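Inspection log for the structure reproduced underneath, given as C-alpha cells.
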Amino acid sequence: MTASATLALSTSALKKSYGRQPALTGLDLEVPSGVVYGFLGPNGAGKTTTMRLLTGLIRPNSGSITLLGQRFDHSRHDLLHDVGALIESPSFYPHLSARDNLKVMGATGRPVRSARIDELLELMGLSDRAGDRVSRYSMGMKQRLGIAVALLNDPKLLLLDEPANGLDPSGIVKLRDTLKALAASGKTVFISSHILPEVQQMADIVGIVAAGRLVTQGPLDELLTGQALVKVKVKPEEAAAALAVVAKVAGDGHTEISDPDAAWLTARVLADRAADINRALADAGIYASGLEAGSDLESLFLELTAPPEPPPVANRPGAIPGWNSGVAQ
Amino acid sequence: MNLTIVGIRKFWTRAATIVSLLIAVGFVFLEFVLIGVSYNTSASQTGFDRSSLTWFLTFPSAFDAVLTIVFEFVAIIGLIYVVTASGSEWGWGTLKVAAARGHSRWHYTLSTFASLSIIVVIGMLLAFVAGVVAVMIGASIAGLSFGNVADPSQLGQVFIKLARCAIALVSLTSVGYVVAMIAKNQMAGIGAVIVYFIGSILSDALLPEVVRQVLRYQPFNVAADAIGIAGPPSSAGAASSTANSLDPNLALGVTVFWLVLCLAVSALAVERAEITN
C-alpha cells in the first residue's frame with residue numbers, strides 16, 4: 001500500500017489467543033500517517049484485542065507491531081509517549097474532578113503542561129464542569145474526558161475504541177470535526193467502531209476484521225465504488241418494468257427487486273454503469289427517484305463479515321424443520 | 001517522585017482515606033480514655049492489680065503503650081485501606097491508562113505504593129499524637145499524674161521506635177499490596193488478608209512447636225517484634241515475657257526483607273500482567 005516509512009502503524013502476522021480461544025489469527029494492518037483509519041469488525045472479531053496489543057496492555061503470541069516507524073514490544077513502552085489511547089470504557093478516579101484526573105494522568109508517561117489541560121477541557125467542552133467530581137458526570141461527559149486523556153500528550157497517533165459512545169449528536173459532530181482536523185494536521189487517528197455511518201463520514205481508510213483476520217483494507221472510496229452494485233429506486237408500480245430494463249443493461253450481472261415495498265432494484269454491476277442504467281430507464285419512460293452507485297459501508301461490512309452459509313437443514317443432525325427461515329422444506 | 005506526590009493527592013482525597021484515618025485515630029483515642037475510666041472504676045474492686053494500667057497512663061512507658069495500640073489498629077486499618085486503594089487501580093482502569101500512556105509499569109507500581117505508604121505513616125503519626133493526648137486525658141480521669149511527656153532523655157528512643165513502627169507498618173501493608181496486585185482485585189486482597197489473619201491466630205493454637213517457630217518469621221509477627229516494645233509489667237513487677245519475640249534488630253531486618261520481597265513481586269506481577277479490564 002504505502003512505503004513503511006510513511007506508515008504510522010503496522011502489524012504483521014499478529015496472533016493472540018486467550019487460552020485455547022484464538023482472538024487474532026494473523027492480523028496485517030497498514031495505517032498510513034495523517035489519515036483517519038476506521039477499524040471495523042463484528043463483536044468478537046478481535047478489535048479490542050488489537051487495541052490492547054497496540055498499547056502494550058497484552059502481549060502477542062507471535063507477529064510484530066510497528067508504531068511510528070519503530071518496532072514495538074513490551075520493552076519499548078517509551079514509544080507510547082507519542083500515542084494517545086482510549087480503550088474500551090474511559091477510566092478515571094471517580095472522586096477527583098476532571099481537571100485533577102487530567103493532572104494525575106498527565107503525571108504518567110511524558111510530562112504534560114498545565115496549560116494543555118485547560119486547552120483540552122476547553123476543546124472537549126468541559127471547562128464549565130472541570131471542577132466537578134467525575135462520578136457526577138454523564139456518560140457522554142466521561143467519554144469526552146476519556147478523549148481528552150487520550151489527547152493529553154498531543155499524540156502523533158491516536159487510538160480510539162468506540163469514541164462516539166454516549167455522545168449526543170452535537171458531540172458526535174464536534175468529535176468528527178476534531179478528529180478530521182487532527183488528521184489534517186498530520187496526526188493519525190485509528191478508530192475502532194460499530195457505528196458504521198459515523199466511520200463512513202470520518203474515515204479515509206478502513207480495515208475490516210472478521211474472526212481475527214483482516215478481510216479487506218483500503219481507501220474507503222475505492223472500497224465502496226469498487227463494489228459491483230447499483231441501486232435504483234422507482235415507483236412501485238413500475239418496478240417490474242424497470243427490472244427488465246436494468247437486467248438488459250446489466251447483462252450477466254444479477255438483478256433483483258431488493259426492497260419490494262420501497263421499490264429499490266439492485267444490479268450487480270460496476271458503479272460506473274449507473275449512468276447507463278439511468279439513461280436506459282429514462283429511454284423506457286421510467287424515471288428513477290433514487291440512484292446509488294457503489295456500496296455503502298454497512299452493505300460492504302455485512303457482506304465481508306457474513307458468517308459462512310450453514311449447511312442445509314436436512315443435512316444437519318438434530319435440526320428442527322422450519323426453524324431456519326429461508327430454507328425450503 | 002512527581003508521581004508519588006500526585007499519588008498522595010489522588011489517594012488523600014478519597015473518602016476511604018478520611019474514614020480510615022478517623023477510625024484509627026478515634027479507636028486509639030478511645031482506648032486510652034477507656035483505660036483511664038477503667039483505672040477509676042477498678043479502685044473499688046478488691047484484688048485488682050492496677051499497675052499494668054499505670055503503665056498505659058504514665059510517661060515514658062505510655063509511649064510504648066501508645067505505639068503498641070497504634071501499631072495494632074493502624075496495621076489492620078492500613079492494610080485494608082492499602083488493599084482497597086491499590087485494588088481500585090485495577091477496578092477503575094487507571095493502571096491501564098498509565099500503562100497505555102507508556103509509563104513504566106514497575107515505576108508506577110512502586111510509586112503508587114510509596115504514596116500509599118506515606119499516607120499510612122501520616123495516619124500512624126496522627127494516631128500517635130491522638131494517643132499521647134488521650135493518655136493525658138485518661139490519666140486525668142484516673143486521677144494520675146501522666147509524668148513528663150517531653151523528657152529529652154526519652155524522646156530520642158520514642159522517635160526511633162516511631163521510625164521502626166513506620167517501617168513495620170509499611171512492610172505489613174506491602175503484604176496486602178502484593179495480593180491486590182497479583183489478584184488485580186481489591187476484594188481478593190481483603191479476603192486474602194482476612195484468611196491470613198485467621199490463619200495466624202489458628203496456627204498459634206493448632207500447629208506443632210517446630211512450625212510455630214518458623215512462623216515467628218512471618219510478616220505479622222516480625223513486624224510487631226521489630227518495634228522493640230516490652231509489654232506491660234506482670235503482677236510480679238517484671239517486664240512481660242518476650243520469650244516468643246525475636247530480637248528487635250533481627251525482626252527489623254526480616255521486616256525489611258518482607259517489604260523488599262513484596263514490592264519486587266508486586267512490580268514483577270504488574271510488569272508481566274495482561275491488562276484486560
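Chains: A, B, ... in order of the C-alpha cells. Residues: from 1 per chain. Ligands: from 1, in order shown.
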Residues flagged helix (DSSP H, G or I) by DSSP in stretch 144-279 of chain A, as a count of residues only: 61
Expected answer as a PyMOL selection string: chain A residues within 7 Å of chain B, only C-alpha atoms: chain A and resi 55-58+77-81+84-85+91-93+95+104-105+107-109
So which residues touch A:Ser193 within 7 Å, counting only C-alpha atoms, skipping near sequence neighbours fewer than 4 positions away, as an mmCIF file with C-alpha atoms, in the first residue's frame?
data_model
loop_
_atom_site.group_PDB
_atom_site.id
_atom_site.type_symbol
_atom_site.label_atom_id
_atom_site.label_comp_id
_atom_site.auth_asym_id
_atom_site.auth_seq_id
_atom_site.Cartn_x
_atom_site.Cartn_y
_atom_site.Cartn_z
ATOM 1 C CA PHE A 39 -11.127 -0.299 12.114
ATOM 2 C CA LEU A 40 -14.313 -2.289 11.807
ATOM 3 C CA ASP A 161 -12.149 2.486 20.773
ATOM 4 C CA GLU A 162 -15.786 3.457 20.083
#
Minimum-distance residue to B:Thr17, chosen among B:Gly87, B:Pro60, B:Pro152, B:Gly123 (using only C-alpha atoms):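 Counting only C-alpha atoms, the residue closest to B:Thr17 is B:Gly123.
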Close residues, stretch 194-196 of chain A itself excluded, 8 Å, only C-alpha atoms, min 3 positions apart in chain, as a ChimeraX atom specification: /A:40-42,162,199-200,297-298
Residues within 10 Å of stretch 187-191 of chain A, only C-alpha atoms, excluding chain neighbours under 3 positions, as a PyMOL selection string: chain A and resi 7-9+31-40+47+51+68+83-86+154-164+179-184+194+199+202-206
In stretch 5-139 of chain A, DSSP strand (DSSP E or B) residues written as an MDAnalysis selection string: chainID A and resid 7:18 21:27 30:32 36:40 62:67 70:72 83:86 97 133
